[in-house]
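K.L.:
Just one file: final_22.txt, with compact mmCIF, C-alpha atoms and all ligand atoms.
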```txt
# COMPACT_ATOMS: atom_id res chain seq x y z
CA MET Q 53 39.15 -134.20 -47.16
CA ASP Q 54 36.59 -131.45 -47.87
CA THR Q 55 35.29 -130.51 -44.39
CA ASN Q 56 32.55 -128.42 -45.97
CA ALA Q 57 31.16 -131.31 -48.04
CA PRO Q 58 27.39 -131.75 -47.50
CA VAL Q 59 26.21 -134.37 -45.01
CA LEU Q 60 23.58 -136.75 -46.45
CA ILE Q 61 20.71 -137.43 -44.06
CA GLY Q 62 17.84 -139.80 -44.86
CA ALA Q 63 14.54 -137.97 -45.37
CA ASP Q 64 12.70 -140.06 -42.74
CA THR Q 65 15.45 -139.62 -40.15
CA LEU Q 66 15.48 -135.86 -40.67
CA GLU Q 67 11.70 -135.53 -40.60
CA THR Q 68 11.47 -137.50 -37.34
CA LEU Q 69 14.28 -135.53 -35.69
CA VAL Q 70 12.73 -132.17 -36.60
CA ALA Q 71 9.31 -133.31 -35.34
CA HIS Q 72 10.90 -134.36 -32.01
CA ILE Q 73 12.55 -130.93 -31.73
CA PHE Q 74 9.20 -129.14 -32.07
CA VAL Q 75 7.48 -131.48 -29.61
CA ALA Q 76 10.31 -130.75 -27.14
CA ASN Q 77 9.78 -127.04 -27.83
CA GLY Q 78 6.09 -127.22 -26.86
CA CYS Q 79 4.12 -128.17 -29.99
CA ASP Q 80 1.68 -131.04 -29.97
CA ALA Q 81 2.64 -134.06 -32.08
CA ALA Q 82 0.32 -133.18 -35.00
CA GLU Q 83 1.66 -129.62 -35.31
CA ALA Q 84 5.28 -130.78 -34.92
CA ASP Q 85 4.66 -133.29 -37.74
CA ARG Q 86 3.17 -130.57 -39.96
CA ILE Q 87 6.14 -128.24 -39.39
CA SER Q 88 8.70 -130.95 -39.98
CA HIS Q 89 6.89 -132.35 -43.04
CA HIS Q 90 6.69 -128.89 -44.58
CA LEU Q 91 10.34 -127.98 -43.89
CA LEU Q 92 11.54 -131.32 -45.18
CA GLY Q 93 9.30 -130.88 -48.25
CA ALA Q 94 11.18 -127.67 -49.06
CA ASN Q 95 14.52 -129.53 -48.85
CA LEU Q 96 13.16 -132.32 -51.04
CA ALA Q 97 12.04 -129.73 -53.60
CA GLY Q 98 15.58 -128.30 -53.58
CA HIS Q 99 14.62 -125.11 -51.70
CA ASP Q 100 17.04 -125.66 -48.84
CA SER Q 101 16.60 -121.99 -47.96
CA HIS Q 102 13.10 -122.85 -46.72
CA GLY Q 103 13.88 -126.25 -45.27
CA VAL Q 104 15.33 -127.52 -42.02
CA VAL Q 105 17.94 -124.73 -41.99
CA ARG Q 106 15.05 -122.73 -40.44
CA VAL Q 107 14.69 -125.02 -37.39
CA PRO Q 108 16.89 -123.04 -34.93
CA ARG Q 109 15.21 -119.78 -35.97
CA TYR Q 110 11.67 -121.20 -35.58
CA VAL Q 111 12.64 -122.67 -32.18
CA GLU Q 112 13.97 -119.28 -31.09
CA TRP Q 113 10.85 -117.48 -32.36
CA GLN Q 114 8.59 -119.91 -30.54
CA GLN Q 115 10.56 -119.47 -27.31
CA ALA Q 116 10.36 -115.68 -27.70
CA GLY Q 117 6.58 -115.89 -28.22
CA TYR Q 118 6.86 -114.57 -31.79
CA ILE Q 119 5.16 -117.73 -33.10
CA VAL Q 120 2.48 -119.43 -31.03
CA ALA Q 121 1.91 -123.18 -30.96
CA GLY Q 122 -1.59 -124.64 -31.02
CA GLN Q 123 -3.31 -121.76 -32.83
CA SER Q 124 -5.93 -122.05 -35.50
CA ALA Q 125 -6.91 -119.17 -37.77
CA ASP Q 126 -10.06 -117.16 -36.96
CA ILE Q 127 -12.49 -116.26 -39.73
CA VAL Q 128 -12.80 -112.46 -39.54
CA THR Q 129 -15.03 -111.95 -42.59
CA ASP Q 130 -16.98 -114.67 -44.38
CA GLY Q 131 -18.56 -113.85 -47.72
CA GLY Q 132 -18.95 -117.41 -48.99
CA ALA Q 133 -16.73 -117.19 -52.04
CA PHE Q 134 -14.35 -114.92 -50.13
CA ALA Q 135 -13.03 -114.81 -46.60
CA LEU Q 136 -10.51 -113.04 -44.42
CA LEU Q 137 -8.63 -115.14 -41.86
CA ASP Q 138 -6.42 -114.07 -38.98
CA GLY Q 139 -3.64 -116.53 -38.21
CA LYS Q 140 -3.01 -114.96 -34.77
CA TRP Q 141 0.75 -115.59 -35.08
CA GLY Q 142 0.20 -119.34 -35.20
CA PHE Q 143 2.73 -121.56 -36.96
CA GLY Q 144 2.43 -120.90 -40.71
CA GLN Q 145 2.47 -124.64 -41.30
CA THR Q 146 -0.79 -124.83 -39.33
CA VAL Q 147 -2.72 -121.73 -40.34
CA ALA Q 148 -1.74 -121.54 -44.05
CA PRO Q 149 -2.90 -125.12 -44.85
CA GLN Q 150 -6.08 -124.26 -42.94
CA ALA Q 151 -6.63 -121.14 -45.11
CA CYS Q 152 -5.85 -123.20 -48.19
CA ALA Q 153 -8.32 -125.93 -47.17
CA LEU Q 154 -11.01 -123.26 -46.78
CA GLY Q 155 -10.17 -121.84 -50.23
CA ILE Q 156 -10.43 -125.32 -51.76
CA GLU Q 157 -13.75 -126.04 -50.09
CA ARG Q 158 -15.21 -122.68 -51.13
CA ALA Q 159 -13.93 -122.94 -54.74
CA GLN Q 160 -15.42 -126.41 -54.98
CA ARG Q 161 -18.73 -124.90 -53.89
CA HIS Q 162 -18.71 -121.61 -55.83
CA GLY Q 163 -16.22 -122.15 -58.68
CA THR Q 164 -13.78 -119.55 -57.33
CA ALA Q 165 -12.69 -118.35 -53.93
CA VAL Q 166 -10.51 -115.54 -52.65
CA ILE Q 167 -8.94 -116.10 -49.25
CA ALA Q 168 -6.97 -113.42 -47.44
CA LEU Q 169 -4.79 -114.61 -44.56
CA ARG Q 170 -3.00 -112.27 -42.18
CA ASN Q 171 -0.73 -112.64 -39.15
CA ALA Q 172 0.51 -116.12 -40.08
CA GLY Q 173 3.84 -117.28 -38.67
CA HIS Q 174 6.40 -118.02 -41.40
CA VAL Q 175 4.53 -120.16 -43.94
CA GLY Q 176 7.69 -121.50 -45.64
CA ARG Q 177 7.65 -122.64 -49.27
CA ILE Q 178 4.60 -121.13 -50.97
CA GLY Q 179 4.56 -123.81 -53.68
CA ALA Q 180 3.35 -126.23 -51.00
CA TYR Q 181 0.01 -124.36 -50.91
CA ALA Q 182 -0.27 -124.35 -54.70
CA GLU Q 183 0.32 -128.12 -54.48
CA GLN Q 184 -2.40 -128.48 -51.84
CA ALA Q 185 -4.84 -126.84 -54.28
CA LEU Q 186 -3.52 -128.92 -57.19
CA ALA Q 187 -4.29 -132.09 -55.27
CA ALA Q 188 -7.93 -130.94 -55.40
CA GLY Q 189 -7.70 -130.16 -59.14
CA LEU Q 190 -7.67 -126.38 -58.66
CA ILE Q 191 -5.71 -123.52 -60.18
CA SER Q 192 -4.39 -121.22 -57.47
CA ILE Q 193 -2.53 -117.91 -57.33
CA HIS Q 194 -0.82 -116.70 -54.16
CA PHE Q 195 0.50 -113.21 -53.44
CA VAL Q 196 2.53 -113.26 -50.22
CA ASN Q 197 4.39 -110.66 -48.16
CA VAL Q 198 6.35 -110.72 -44.92
CA ALA Q 199 4.96 -108.03 -42.65
CA GLY Q 200 7.67 -106.44 -40.54
CA SER Q 201 10.54 -107.86 -42.60
CA VAL Q 202 12.07 -105.22 -44.78
CA LEU Q 203 15.02 -106.67 -46.71
CA VAL Q 204 14.75 -105.78 -50.39
CA ALA Q 205 15.66 -102.62 -52.28
CA PRO Q 206 13.16 -101.52 -54.95
CA PHE Q 207 14.30 -100.99 -58.56
CA GLY Q 208 16.48 -97.90 -58.67
CA GLY Q 209 17.02 -97.81 -54.87
CA THR Q 210 19.61 -98.94 -52.31
CA GLU Q 211 17.51 -98.95 -49.12
CA ARG Q 212 15.28 -101.77 -47.90
CA ARG Q 213 11.60 -101.25 -48.70
CA PHE Q 214 10.07 -104.64 -49.67
CA SER Q 215 10.05 -108.04 -48.00
CA THR Q 216 11.16 -110.99 -50.15
CA ALA Q 217 7.43 -111.19 -51.03
CA PRO Q 218 6.99 -114.56 -52.77
CA PHE Q 219 4.49 -115.35 -55.52
CA SER Q 220 3.17 -118.73 -56.64
CA VAL Q 221 0.79 -120.12 -59.26
CA GLY Q 222 -0.27 -123.76 -59.64
CA VAL Q 223 -1.91 -125.13 -62.81
CA PRO Q 224 -3.46 -128.64 -62.72
CA THR Q 225 -1.93 -130.17 -65.82
CA ASP Q 226 -0.34 -133.62 -65.76
CA PRO Q 227 2.32 -133.15 -64.47
CA PRO Q 228 1.27 -129.89 -62.80
CA VAL Q 229 2.98 -126.59 -63.54
CA VAL Q 230 4.05 -124.85 -60.31
CA LEU Q 231 5.64 -121.44 -60.39
CA ASP Q 232 6.98 -120.39 -57.00
CA PHE Q 233 9.61 -117.76 -56.26
CA ALA Q 234 10.60 -114.86 -54.08
CA THR Q 235 10.37 -111.47 -55.82
CA SER Q 236 13.83 -110.70 -54.48
CA ARG Q 237 16.85 -111.58 -56.65
CA VAL Q 238 17.38 -114.39 -54.08
CA ALA Q 239 15.24 -115.53 -51.14
CA GLU Q 240 16.64 -114.43 -47.75
CA GLY Q 241 17.06 -118.11 -46.93
CA LYS Q 242 19.50 -118.39 -49.84
CA VAL Q 243 21.63 -115.70 -48.18
CA LEU Q 244 21.31 -117.77 -44.97
CA VAL Q 245 22.43 -120.92 -46.81
CA ALA Q 246 25.38 -119.04 -48.41
CA SER Q 247 26.38 -117.67 -44.98
CA ASN Q 248 26.53 -121.29 -43.75
CA GLY Q 249 29.01 -122.22 -46.48
CA GLY Q 250 26.34 -123.39 -48.93
CA LYS Q 251 25.72 -122.35 -52.53
CA PRO Q 252 27.30 -118.93 -53.18
CA LEU Q 253 25.07 -116.01 -54.20
CA PRO Q 254 24.99 -114.50 -57.71
CA HIS Q 255 27.39 -111.52 -57.96
CA ASP Q 256 24.53 -109.01 -58.16
CA ALA Q 257 22.18 -110.47 -55.52
CA LEU Q 258 22.76 -107.79 -52.90
CA VAL Q 259 23.41 -104.05 -52.87
CA GLU Q 260 25.56 -102.02 -50.49
CA PRO Q 261 24.26 -98.66 -49.19
CA ASP Q 262 26.54 -96.87 -51.69
CA GLY Q 263 25.02 -98.79 -54.62
CA ARG Q 264 27.86 -101.33 -55.10
CA LEU Q 265 26.58 -104.81 -55.98
CA SER Q 266 27.60 -107.66 -53.65
CA ALA Q 267 27.43 -111.45 -53.20
CA ASP Q 268 28.73 -111.31 -49.61
CA PRO Q 269 26.15 -112.38 -46.94
CA HIS Q 270 27.76 -109.84 -44.57
CA THR Q 271 26.05 -107.15 -46.68
CA LEU Q 272 22.77 -108.39 -45.23
CA TYR Q 273 23.77 -109.80 -41.81
CA GLY Q 274 26.77 -107.67 -40.76
CA ASP Q 275 29.15 -109.66 -38.51
CA TYR Q 276 28.09 -113.21 -37.58
CA PRO Q 277 29.63 -116.26 -35.89
CA PRO Q 278 30.47 -119.33 -38.02
CA VAL Q 279 27.54 -121.26 -36.52
CA GLY Q 280 24.30 -119.91 -35.13
CA PRO Q 281 21.28 -117.82 -36.05
CA ARG Q 282 21.73 -114.91 -38.48
CA ASN Q 283 20.14 -111.52 -37.94
CA PRO Q 284 19.19 -109.57 -41.07
CA ALA Q 285 18.98 -106.43 -38.91
CA GLY Q 286 22.79 -106.66 -38.54
CA GLY Q 287 23.75 -105.53 -42.04
CA LEU Q 288 23.49 -102.18 -43.78
CA GLY Q 289 22.82 -103.42 -47.31
CA ALA Q 290 19.79 -104.98 -49.02
CA ILE Q 291 18.80 -107.84 -51.30
CA ARG Q 292 17.88 -106.57 -54.78
CA ALA Q 293 14.44 -107.08 -56.33
CA PHE Q 294 14.52 -109.54 -59.27
CA GLY Q 295 13.73 -108.66 -62.86
CA GLU Q 296 14.52 -104.93 -62.80
CA HIS Q 297 11.38 -102.71 -62.74
CA LYS Q 298 9.03 -105.64 -63.52
CA GLY Q 299 10.05 -107.87 -60.60
CA SER Q 300 10.19 -104.83 -58.36
CA GLY Q 301 6.62 -104.03 -59.48
CA LEU Q 302 5.43 -107.55 -58.62
CA ALA Q 303 7.01 -107.23 -55.16
CA PHE Q 304 5.19 -103.91 -54.76
CA MET Q 305 1.88 -105.63 -55.57
CA CYS Q 306 2.57 -108.49 -53.11
CA GLU Q 307 3.06 -105.89 -50.36
CA LEU Q 308 -0.14 -104.04 -51.35
CA LEU Q 309 -2.31 -107.18 -51.72
CA ALA Q 310 -0.92 -109.57 -49.09
CA GLY Q 311 0.12 -106.86 -46.62
CA ALA Q 312 -2.08 -103.77 -46.92
CA PHE Q 313 -5.25 -105.49 -48.22
CA THR Q 314 -5.26 -108.40 -45.71
CA GLY Q 315 -4.65 -105.96 -42.84
CA GLY Q 316 -1.56 -107.89 -41.72
CA GLY Q 317 0.68 -104.97 -42.60
CA THR Q 318 3.39 -104.31 -45.15
CA SER Q 319 7.12 -104.88 -44.88
CA GLY Q 320 7.67 -101.61 -43.06
CA PRO Q 321 8.43 -99.23 -41.54
CA VAL Q 322 9.19 -101.81 -38.83
CA GLU Q 323 9.69 -99.63 -35.74
CA GLY Q 324 8.22 -101.23 -32.63
CA ARG Q 325 6.88 -104.29 -34.42
CA GLY Q 326 9.44 -106.81 -33.18
CA ARG Q 327 8.20 -109.85 -35.07
CA ILE Q 328 7.37 -110.87 -38.59
CA ALA Q 329 4.31 -112.54 -40.09
CA ASN Q 330 3.30 -113.68 -43.53
CA GLY Q 331 0.24 -112.28 -45.27
CA MET Q 332 -1.21 -114.26 -48.19
CA LEU Q 333 -3.91 -113.32 -50.69
CA SER Q 334 -4.91 -116.49 -52.55
CA ILE Q 335 -7.25 -117.01 -55.48
CA TYR Q 336 -8.62 -120.51 -56.12
CA ILE Q 337 -10.25 -121.43 -59.44
CA SER Q 338 -12.09 -124.66 -60.25
CA PRO Q 339 -11.83 -125.41 -64.01
CA LYS Q 340 -14.67 -127.91 -63.61
CA HIS Q 341 -17.10 -125.11 -62.67
CA PHE Q 342 -16.14 -123.08 -65.74
CA GLY Q 343 -17.17 -125.98 -67.96
CA THR Q 344 -13.83 -125.95 -69.77
CA GLU Q 345 -11.89 -128.51 -67.74
CA ALA Q 346 -11.22 -131.12 -70.43
CA GLU Q 347 -10.41 -128.59 -73.15
CA PHE Q 348 -8.28 -126.53 -70.76
CA LYS Q 349 -6.25 -129.56 -69.70
CA ARG Q 350 -5.72 -130.70 -73.28
CA THR Q 351 -4.70 -127.26 -74.57
CA ALA Q 352 -2.49 -126.58 -71.56
CA GLU Q 353 -0.71 -129.95 -71.77
CA ASP Q 354 -0.14 -129.57 -75.53
CA TYR Q 355 1.21 -126.09 -74.89
CA VAL Q 356 3.59 -127.25 -72.12
CA ALA Q 357 4.94 -129.94 -74.46
CA TRP Q 358 5.42 -127.37 -77.26
CA VAL Q 359 7.24 -124.93 -74.96
CA LYS Q 360 9.49 -127.74 -73.71
CA SER Q 361 10.27 -128.76 -77.31
CA CYS Q 362 12.01 -125.40 -77.83
CA ARG Q 363 15.61 -125.75 -79.06
CA PRO Q 364 17.91 -125.33 -76.00
CA ASP Q 365 20.31 -122.38 -75.95
CA THR Q 366 23.23 -124.62 -75.00
CA PRO Q 367 24.20 -128.05 -76.34
CA GLY Q 368 22.72 -130.73 -74.08
CA GLY Q 369 20.49 -128.14 -72.40
CA GLU Q 370 16.79 -128.54 -71.80
CA VAL Q 371 13.78 -126.24 -71.50
CA LEU Q 372 11.87 -127.04 -68.32
CA ALA Q 373 8.39 -126.10 -67.15
CA PRO Q 374 8.08 -124.43 -63.74
CA GLY Q 375 7.83 -127.17 -61.12
CA GLU Q 376 9.95 -129.66 -63.04
CA PRO Q 377 13.23 -128.99 -61.22
CA GLU Q 378 11.46 -129.50 -57.88
CA ALA Q 379 9.78 -132.74 -58.99
CA ARG Q 380 13.09 -134.18 -60.21
CA LEU Q 381 15.01 -133.27 -57.07
CA ARG Q 382 12.22 -134.62 -54.87
CA ALA Q 383 12.53 -138.04 -56.48
CA GLU Q 384 16.32 -137.96 -56.19
CA ARG Q 385 16.48 -136.78 -52.58
CA LEU Q 386 13.81 -139.20 -51.41
CA ALA Q 387 15.95 -141.99 -52.82
CA LYS Q 388 19.42 -140.77 -51.84
CA GLY Q 389 18.90 -138.53 -48.79
CA VAL Q 390 18.90 -134.79 -48.17
CA PRO Q 391 22.27 -133.01 -48.49
CA LEU Q 392 22.84 -130.48 -45.69
CA GLN Q 393 25.75 -128.11 -45.21
CA PRO Q 394 27.79 -129.25 -42.16
CA ASP Q 395 27.03 -125.94 -40.38
CA THR Q 396 23.31 -126.36 -40.98
CA TRP Q 397 23.37 -129.91 -39.64
CA GLU Q 398 25.48 -128.85 -36.65
CA SER Q 399 23.07 -126.04 -35.76
CA ILE Q 400 20.14 -128.50 -35.86
CA VAL Q 401 22.05 -130.99 -33.69
CA ARG Q 402 22.88 -128.25 -31.16
CA CYS Q 403 19.28 -127.12 -31.15
CA ALA Q 404 18.07 -130.72 -30.59
CA ARG Q 405 20.56 -131.36 -27.76
CA ALA Q 406 19.66 -128.07 -26.05
CA LEU Q 407 16.07 -129.34 -25.92
CA GLY Q 408 17.09 -132.81 -24.67
CA VAL Q 409 16.28 -134.51 -27.99
CA THR Q 410 18.41 -137.54 -28.91
CA VAL Q 411 20.13 -137.19 -32.27
CA PRO Q 412 20.48 -140.42 -34.28
CA ASN Q 413 24.08 -141.42 -35.15
P1 LIG V 501 13.97 -119.90 -57.39
O1 LIG V 501 14.72 -118.69 -57.81
O2 LIG V 501 14.73 -121.18 -57.22
O3 LIG V 501 12.80 -120.13 -58.48
C1 LIG V 501 11.99 -121.23 -58.35
C2 LIG V 501 10.96 -121.26 -59.46
O4 LIG V 501 11.61 -121.25 -60.75
C3 LIG V 501 10.16 -122.56 -59.42
O5 LIG V 501 8.88 -122.33 -59.89
C4 LIG V 501 10.96 -123.47 -60.37
O6 LIG V 501 10.18 -124.54 -60.86
C5 LIG V 501 11.33 -122.49 -61.43
N1 LIG V 501 12.55 -122.88 -62.12
C6 LIG V 501 13.78 -123.07 -61.58
N2 LIG V 501 14.65 -123.45 -62.53
C7 LIG V 501 13.97 -123.50 -63.69
C8 LIG V 501 14.32 -123.80 -65.03
N3 LIG V 501 15.57 -124.14 -65.36
N4 LIG V 501 13.37 -123.74 -65.99
C9 LIG V 501 12.11 -123.39 -65.66
N5 LIG V 501 11.70 -123.09 -64.41
C10 LIG V 501 12.63 -123.14 -63.44
O7 LIG V 501 13.15 -119.65 -56.05
P2 LIG V 501 13.43 -118.57 -54.91
O8 LIG V 501 13.06 -117.20 -55.36
O9 LIG V 501 14.81 -118.76 -54.40
O10 LIG V 501 12.39 -119.02 -53.79
C11 LIG V 501 12.67 -120.17 -53.00
C12 LIG V 501 11.53 -120.49 -52.11
O11 LIG V 501 11.44 -119.51 -51.09
C13 LIG V 501 10.15 -120.55 -52.74
O12 LIG V 501 9.60 -121.81 -52.42
C14 LIG V 501 9.37 -119.42 -52.07
O13 LIG V 501 8.01 -119.71 -51.86
C15 LIG V 501 10.08 -119.34 -50.76
N6 LIG V 501 9.91 -118.04 -50.09
C16 LIG V 501 9.10 -117.97 -49.00
C17 LIG V 501 8.97 -116.76 -48.30
C18 LIG V 501 8.09 -116.64 -47.09
O14 LIG V 501 8.01 -115.56 -46.52
N7 LIG V 501 7.43 -117.66 -46.65
C19 LIG V 501 9.67 -115.62 -48.74
C20 LIG V 501 10.47 -115.75 -49.87
C21 LIG V 501 10.60 -116.95 -50.53
```
So that I can check it, write out the structure of this file as structure tokens.
Ligand code: NAD
P.N.:
Amino acid sequence: MDTNAPVLIGADTLETLVAHIFVANGCDAAEADRISHHLLGANLAGHDSHGVVRVPRYVEWQQAGYIVAGQSADIVTDGGAFALLDGKWGFGQTVAPQACALGIERAQRHGTAVIALRNAGHVGRIGAYAEQALAAGLISIHFVNVAGSVLVAPFGGTERRFSTAPFSVGVPTDPPVVLDFATSRVAEGKVLVASNGGKPLPHDALVEPDGRLSADPHTLYGDYPPVGPRNPAGGLGAIRAFGEHKGSGLAFMCELLAGAFTGGGTSGPVEGRGRIANGMLSIYISPKHFGTEAEFKRTAEDYVAWVKSCRPDTPGGEVLAPGEPEARLRAERLAKGVPLQPDTWESIVRCARALGVTVPN
């Protein structure tokens, strides 16, 4: 019997359990539901790195006061079609949807809106915010950084300088096109998943201080126990930026726009900071206001179909549009359950029991 085979947990069961954990940890029911819905949404989309595997770490951060329950973002600057918000270290799943709702409302009023958010607790899967804007018929573009989290070596370097700085764009075609990725070769959460016995990393995902490429999570975390939280400060190596100089350049821009411009701070230097926060610079565009909505939709949908009709490079292969893999997995996992690595499930169970939460059999 394969003892490392994934455990299948029903989506509803998992969502309820995670919500109970956050209530037991001091969140009100609405916030606990938001956190659990968002984390589960990442698992459903296939981004297990940003799903419930994060529960023990979020619980720990909340207990340490790094993330604060019950916050709502303050508007620091309000220019109508632009605004700067301070998330005050609130849960990302609370303050980022709030920033996004403001961007939607302002873009519906003015045609476009630019919303800068700083000091948000970990906001999770960025595609969720592109999807929030898509539900309102809007294009959105999100530059994100992780202030205080320096994990990624720039092109040509071996030392950590960038965060995993994700980037996302949503385009309201039918079905929508949603691009959403970390600018690192892999998201840190994928190293976390690999360290828990999950999907192995590509051979060139990480770099040792001497420049050797590595797929070993110890490069990032140093020594770690089989089960329990991982500490990226423990390792001496770095994750590599994706896409050579071009991906590294996009990561650079995420740090400048989401970190320096929002005032939330860049990835580093991290001395004395002690906790991390997401910064997000988002642009919302309403095609309706530009007077091109119908033509835009038609041209874009024809174009998506043409791109997808491209001859595959392997027999039986298929060209997909960004967002398609997530939509397919979502349908499958909702029907069949969410596969979790045994170590991930065990760490959630331990976390629940430590908080007095009953775990369903
Ligand atoms: P990834 O490498 O899996 O790339 C995902 C993107 O590529 C999606 O847009 C997907 O639709 C597209 N894609 C995947 N396969 C495709 C195919 N065959 N054809 C066409 N398009 C395809 O993502 P990642 O870099 O591992 O990021 C994972 C998640 O981590 C993202 O949701 C990101 O937002 C999140 N993240 C969050 C933070 C944070 O601080 N909050 C930091 C880093 C990453």
K.L.:
Can you list, as a ChimeraX atom specification, every protein, DNA or RNA residue that comes within 6 Å of Gly331 of chain Q when you count all atoms listed in the file, leaving out same-chain residues fewer than 3 positions away?
P.N.:
/Q:169-170,196-197,310-311,316
K.L.:
Once you have the residues from the selection above, write them out as a CSV table (one decimal), in the frame of the given file, restricted to C-alpha atoms.
P.N.:
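The new file again03.csv reads:
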```
chain,number,residue,atom,x,y,z
Q,169,LEU,CA,-4.8,-114.6,-44.6
Q,170,ARG,CA,-3.0,-112.3,-42.2
Q,196,VAL,CA,2.5,-113.3,-50.2
Q,197,ASN,CA,4.4,-110.7,-48.2
Q,310,ALA,CA,-0.9,-109.6,-49.1
Q,311,GLY,CA,0.1,-106.9,-46.6
Q,316,GLY,CA,-1.6,-107.9,-41.7
```
K.L.:
Return as a VMD selection string every polymer residue, whether protein, DNA or RNA, with at least one atom no more than 6 Å from an atom of ligand LIG 501 (chain V); count only C-alpha atoms and all ligand atoms.
P.N.:
chain Q and resid 99 102 174 to 179 198 216 to 218 230 to 234 238 to 239 330 372 to 378
K.L.:
Just the number, please: distance in Å from atom CA of Gly315 of chain Q to atom CA of Thr164 of chain Q, one decimal.
P.N.:
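Separation between atom CA of Gly315 of chain Q and atom CA of Thr164 of chain Q: 21.9 Å.
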K.L.:
Using all atoms listed in the file, which residue out of Q:Phe313, Q:Gln145, Q:Leu92, Q:Leu272 lies closest to Ile61 of chain Q?
P.N.:
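Counting all atoms listed in the file, the residue closest to Ile61 of chain Q is Q:Leu92.
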K.L.:
So, with only C-alpha atoms as the atoms that count, which of Q:Val243, Q:Leu386, Q:Val128, Q:Ala182 lies closest to Leu60 of chain Q?
P.N.:
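The answer is Q:Leu386, which sits nearest to Leu60 of chain Q.
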K.L.:
One decimal, Å: what's the distance from atom CA of Pro227 of chain Q over to atom CA of Glu353 of chain Q, could you say?
P.N.:
8.5 Å
K.L.:
List the spatial neighbours of Val59 of chain Q as a list of chain:residue names - criterion: any atom at most 9 Å away, all atoms listed in the file, same-chain residues fewer than 5 positions off excluded.
P.N.:
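Near neighbours after the sequence-gap exclusion: Q:Val390, Q:Pro391, Q:Leu392, Q:Gln393, Q:Pro394, Q:Trp397.
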K.L.:
Restricting it to C-alpha atoms, dump the selection as a compact mmCIF listing (two decimals), in the frame of the given file.
P.N.:
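The resulting file, result-v6.txt, is shown below:
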```
# COMPACT_ATOMS: atom_id res chain seq x y z
CA VAL Q 390 18.90 -134.79 -48.17
CA PRO Q 391 22.27 -133.01 -48.49
CA LEU Q 392 22.84 -130.48 -45.69
CA GLN Q 393 25.75 -128.11 -45.21
CA PRO Q 394 27.79 -129.25 -42.16
CA TRP Q 397 23.37 -129.91 -39.64
```
K.L.:
To one decimal in Å, tell me the separation between atom CA of Val229 of chain Q and atom CA of Leu186 of chain Q.
P.N.:
9.4 Å
